[in-house]
Amino acid sequence: SYFIATRSNTMTPNNRFILLTCLAAASVDNHATTTAFSHPARTLSRSPPLTTTPSSLHASSAMPPEEQQRSDSNPSTRFGSPLSDSIKDANKFAVDFLKNTLFDTFFAGSDRDYARFYALETIARVPYFSYLSVLHLYETLGKWRRAKYLKLHFAESWNEMHHLLIMEELGGDANFIDRFLAQHVAFGYFALIVALYLINPVEAYNLNQDVEEHAAETYDTYLKENAEKLKLLPAPQAAIDYYVDGDMYMFDEFQTSCEMRRPVIENLYDVFVAIRDDELAHVQTMEMLQTEFDVSSIHDGECEVDIF
């Protein structure tokens, strides 16, 4: 404007008209340029993220590509993927095959019940060691850390260890061949579950769900067939030390149903009822771990439990 003011007296009317026309065109062009860059910025603002119901591992696949991010709620959502029905059927077939070919033949007979239970508990606690090994590996590598799942799986192995102590006290490990068979099957099973857990935690949890269901059914059948006899037999000291006199913190930690269980142990029948119910609790936990739910115990402050 200063230039125009100082030079206006020397300009001819034609020159003054040309200068004003150029300035007006430049102003319009500058406004159009500013509008062209500012408008897309408003249209690129991110809309609120879509939410999904965490009822199953399939829920995350419904999210649009730009919103897909791996959830850290549990190992399955972080590292796993949903299973097809054929894989679930294959897991059931494998458990049934092992039961029919090994347990129902090698441990046949009423005098082999405790040996059968010893072998079952030796093998059934192995998956929790496998889970812990892989989760420790992830933590060591800085890949994933959730202390609550280390605690959960240790509590599950702690529970299964006491089942094993009870069976040993009942004489289930008396024969070398029973110990040899159970321990070597457990060794191979450990390696298998580690591999499955590294590939897909959902499959490892699903397989163990089938194993725990088999264990619960085995104990339930035994209870129904031997109820009167078991009620006349005393409870092993290992059972009293764990269920009655022991510190119940670890016992509560593997109860993911917000239920405070306190088994009443008066005889051997009560012991096997408690063990069967423990196996059912493991089944429920394995089933939950195949979904997007973040499991909790009564010590996490997320359960409303009546303390008695």
# chains A, B, ... in the order shown; residues from 1 in each chain; ligands from 1
call {"tool": "residues_around", "arguments": {"residues": "stretch 138-144 of chain A", "least_positions_apart": "3", "cutoff": "9 Å", "atoms": "only C-alpha atoms", "output": "mmCIF file with N, CA and C atoms, in the first residue's frame"}}
result
data_model
loop_
_atom_site.group_PDB
_atom_site.id
_atom_site.type_symbol
_atom_site.label_atom_id
_atom_site.label_comp_id
_atom_site.auth_asym_id
_atom_site.auth_seq_id
_atom_site.Cartn_x
_atom_site.Cartn_y
_atom_site.Cartn_z
ATOM 1 N N ASP A 72 -4.413 -56.828 24.242
ATOM 2 C CA ASP A 72 -3.497 -57.407 25.219
ATOM 3 C C ASP A 72 -4.240 -58.022 26.388
ATOM 4 N N PRO A 75 -3.383 -63.953 26.699
ATOM 5 C CA PRO A 75 -2.469 -64.502 25.685
ATOM 6 C C PRO A 75 -3.157 -64.872 24.370
ATOM 7 N N ARG A 78 -3.692 -61.771 22.273
ATOM 8 C CA ARG A 78 -2.421 -61.157 21.892
ATOM 9 C C ARG A 78 -1.693 -61.972 20.823
ATOM 10 N N SER A 133 6.395 -71.433 30.856
ATOM 11 C CA SER A 133 7.682 -71.367 30.153
ATOM 12 C C SER A 133 7.613 -70.380 28.993
ATOM 13 N N VAL A 134 6.546 -70.451 28.215
ATOM 14 C CA VAL A 134 6.412 -69.551 27.061
ATOM 15 C C VAL A 134 6.186 -68.114 27.510
ATOM 16 N N LEU A 135 5.359 -67.925 28.530
ATOM 17 C CA LEU A 135 5.107 -66.564 29.022
ATOM 18 C C LEU A 135 6.372 -65.947 29.617
#
call {"tool": "residues_around", "arguments": {"residues": "A:Pro236", "least_positions_apart": "3", "cutoff": "7 Å", "atoms": "only C-alpha atoms", "output": "ChimeraX atom specification"}}
result
/A:166,169,239-240
call {"tool": "closest_atom_pairs", "arguments": {"of": "stretch 143-241 of chain A", "to": "stretch 90-97 of chain A", "cutoff": "7 Å", "atoms": "only C-alpha atoms", "output": "Markdown table"}}
result
| residue | atom | partner | partner_atom | distance |
| --- | --- | --- | --- | --- |
| A:Leu207 | CA | A:Asn91 | CA | 5.5 |
| A:Asp210 | CA | A:Lys92 | CA | 6.2 |
| A:Val211 | CA | A:Val95 | CA | 6.4 |
call {"tool": "closest_residue", "arguments": {"among": "A:Met248, A:Leu198, A:Ile123, A:Ala216", "to": "A:Glu279", "atoms": "only C-alpha atoms"}}
result
A:Ala216
call {"tool": "residues_around", "arguments": {"residues": "A:Arg112", "least_positions_apart": "3", "cutoff": "12 Å", "atoms": "only C-alpha atoms", "output": "PDB file with N, CA and C atoms, in the first residue's frame"}}
result
ATOM      1  N   PHE A 103      -5.094 -95.293  28.940  1.00  0.00           N
ATOM      2  CA  PHE A 103      -5.668 -95.351  30.281  1.00  0.00           C
ATOM      3  C   PHE A 103      -6.644 -96.519  30.443  1.00  0.00           C
ATOM      4  N   ASP A 104      -7.512 -96.729  29.451  1.00  0.00           N
ATOM      5  CA  ASP A 104      -8.533 -97.771  29.595  1.00  0.00           C
ATOM      6  C   ASP A 104      -7.974 -99.182  29.430  1.00  0.00           C
ATOM      7  N   THR A 105      -6.773 -99.284  28.889  1.00  0.00           N
ATOM      8  CA  THR A 105      -6.164-100.612  28.740  1.00  0.00           C
ATOM      9  C   THR A 105      -5.088-100.856  29.796  1.00  0.00           C
ATOM     10  N   PHE A 106      -4.170 -99.954  29.931  1.00  0.00           N
ATOM     11  CA  PHE A 106      -3.059-100.152  30.862  1.00  0.00           C
ATOM     12  C   PHE A 106      -3.504-100.042  32.317  1.00  0.00           C
ATOM     13  N   PHE A 107      -4.499 -99.210  32.583  1.00  0.00           N
ATOM     14  CA  PHE A 107      -4.959 -99.008  33.963  1.00  0.00           C
ATOM     15  C   PHE A 107      -6.328 -99.629  34.192  1.00  0.00           C
ATOM     16  N   ALA A 108      -6.636-100.690  33.485  1.00  0.00           N
ATOM     17  CA  ALA A 108      -7.923-101.365  33.643  1.00  0.00           C
ATOM     18  C   ALA A 108      -7.956-102.126  34.959  1.00  0.00           C
ATOM     19  N   GLY A 109      -9.140-102.161  35.576  1.00  0.00           N
ATOM     20  CA  GLY A 109      -9.303-102.894  36.826  1.00  0.00           C
ATOM     21  C   GLY A 109      -9.490-101.955  38.005  1.00  0.00           C
ATOM     22  N   ALA A 115      -3.465 -95.802  40.636  1.00  0.00           N
ATOM     23  CA  ALA A 115      -2.377 -95.681  39.659  1.00  0.00           C
ATOM     24  C   ALA A 115      -2.838 -94.851  38.461  1.00  0.00           C
ATOM     25  N   ARG A 116      -4.069 -95.063  38.053  1.00  0.00           N
ATOM     26  CA  ARG A 116      -4.641 -94.287  36.947  1.00  0.00           C
ATOM     27  C   ARG A 116      -4.691 -92.809  37.316  1.00  0.00           C
ATOM     28  N   PHE A 117      -5.148 -92.514  38.520  1.00  0.00           N
ATOM     29  CA  PHE A 117      -5.244 -91.120  38.946  1.00  0.00           C
ATOM     30  C   PHE A 117      -3.862 -90.488  39.090  1.00  0.00           C
ATOM     31  N   TYR A 118      -2.902 -91.272  39.545  1.00  0.00           N
ATOM     32  CA  TYR A 118      -1.518 -90.764  39.638  1.00  0.00           C
ATOM     33  C   TYR A 118      -1.008 -90.362  38.255  1.00  0.00           C
ATOM     34  N   ALA A 119      -1.204 -91.236  37.272  1.00  0.00           N
ATOM     35  CA  ALA A 119      -0.767 -90.927  35.911  1.00  0.00           C
ATOM     36  C   ALA A 119      -1.516 -89.719  35.362  1.00  0.00           C
ATOM     37  N   MET A 167      -2.579 -88.504  45.430  1.00  0.00           N
ATOM     38  CA  MET A 167      -2.527 -89.811  44.775  1.00  0.00           C
ATOM     39  C   MET A 167      -1.283 -90.583  45.179  1.00  0.00           C
ATOM     40  N   LEU A 170      -1.931 -92.115  48.473  1.00  0.00           N
ATOM     41  CA  LEU A 170      -2.839 -93.257  48.337  1.00  0.00           C
ATOM     42  C   LEU A 170      -2.161 -94.471  47.699  1.00  0.00           C
ATOM     43  N   GLY A 171      -0.909 -94.316  47.273  1.00  0.00           N
ATOM     44  CA  GLY A 171      -0.160 -95.435  46.710  1.00  0.00           C
ATOM     45  C   GLY A 171      -0.197 -95.539  45.212  1.00  0.00           C
ATOM     46  N   GLY A 172      -0.631 -94.504  44.542  1.00  0.00           N
ATOM     47  CA  GLY A 172      -0.742 -94.558  43.092  1.00  0.00           C
ATOM     48  C   GLY A 172       0.586 -94.661  42.365  1.00  0.00           C
ATOM     49  N   ASP A 173       1.683 -94.273  43.008  1.00  0.00           N
ATOM     50  CA  ASP A 173       3.007 -94.316  42.375  1.00  0.00           C
ATOM     51  C   ASP A 173       3.838 -95.495  42.859  1.00  0.00           C
ATOM     52  N   ALA A 174       3.201 -96.523  43.382  1.00  0.00           N
ATOM     53  CA  ALA A 174       3.943 -97.634  43.981  1.00  0.00           C
ATOM     54  C   ALA A 174       4.741 -98.424  42.950  1.00  0.00           C
ATOM     55  N   ASN A 175       4.248 -98.566  41.735  1.00  0.00           N
ATOM     56  CA  ASN A 175       4.910 -99.374  40.718  1.00  0.00           C
ATOM     57  C   ASN A 175       5.804 -98.524  39.823  1.00  0.00           C
ATOM     58  N   ASP A 178       4.418 -97.688  36.344  1.00  0.00           N
ATOM     59  CA  ASP A 178       3.427 -96.609  36.319  1.00  0.00           C
ATOM     60  C   ASP A 178       4.115 -95.249  36.327  1.00  0.00           C
ATOM     61  N   TYR A 222     -15.956 -92.288  39.102  1.00  0.00           N
ATOM     62  CA  TYR A 222     -15.393 -93.009  40.247  1.00  0.00           C
ATOM     63  C   TYR A 222     -16.201 -92.740  41.513  1.00  0.00           C
TER      64      TYR A 222
END
call {"tool": "atom_distance", "arguments": {"atom1": "atom CA of A:Pro201", "atom2": "atom CA of A:Gly80"}}
result
5.3 Å
call {"tool": "residues_around", "arguments": {"residues": "A:His153", "least_positions_apart": "6", "cutoff": "10 Å", "atoms": "only C-alpha atoms", "output": "JSON, numbers by chain"}}
result
{"A": [125, 127, 128, 129, 130, 131, 132, 135, 159, 253, 254]}
call {"tool": "select_by_dssp", "arguments": {"residues": "stretch 72-144 of chain A", "states": "alpha helix (DSSP H)", "output": "PyMOL selection string"}}
result
chain A and resi 75-79+85-98+104-106+113-124+126-140
call {"tool": "residues_around", "arguments": {"residues": "A:Ser84", "least_positions_apart": "2", "cutoff": "12 Å", "atoms": "only C-alpha atoms", "output": "JSON, numbers by chain"}}
result
{"A": [57, 58, 81, 82, 86, 87, 88, 89, 90, 91, 202, 203, 206]}
call {"tool": "residues_around", "arguments": {"residues": "A:Glu213", "least_positions_apart": "6", "cutoff": "9 Å", "atoms": "only C-alpha atoms", "output": "VMD selection string"}}
result
chain A and resid 279 to 280 282 to 283
call {"tool": "write_last_selection", "arguments": {"atoms": "N, CA and C atoms", "output": "PDB file, in the first residue's frame"}}
result
ATOM      1  N   GLU A 279     -11.128 -79.761  38.941  1.00  0.00           N
ATOM      2  CA  GLU A 279     -10.972 -79.999  37.505  1.00  0.00           C
ATOM      3  C   GLU A 279     -12.028 -79.231  36.705  1.00  0.00           C
ATOM      4  N   LEU A 280     -13.233 -79.151  37.233  1.00  0.00           N
ATOM      5  CA  LEU A 280     -14.279 -78.371  36.560  1.00  0.00           C
ATOM      6  C   LEU A 280     -13.929 -76.881  36.541  1.00  0.00           C
ATOM      7  N   HIS A 282     -10.882 -75.748  36.372  1.00  0.00           N
ATOM      8  CA  HIS A 282      -9.872 -75.628  35.317  1.00  0.00           C
ATOM      9  C   HIS A 282     -10.525 -75.603  33.938  1.00  0.00           C
ATOM     10  N   VAL A 283     -11.542 -76.418  33.760  1.00  0.00           N
ATOM     11  CA  VAL A 283     -12.265 -76.431  32.478  1.00  0.00           C
ATOM     12  C   VAL A 283     -12.835 -75.048  32.186  1.00  0.00           C
TER      13      VAL A 283
END
call {"tool": "atom_distance", "arguments": {"atom1": "atom CA of A:Tyr269", "atom2": "atom CA of A:Lys99"}}
result
23.8 Å
call {"tool": "closest_residue", "arguments": {"among": "A:Thr291, A:Gln237, A:Ser297, A:Asn226", "to": "A:Arg261", "atoms": "only C-alpha atoms"}}
result
A:Ser297
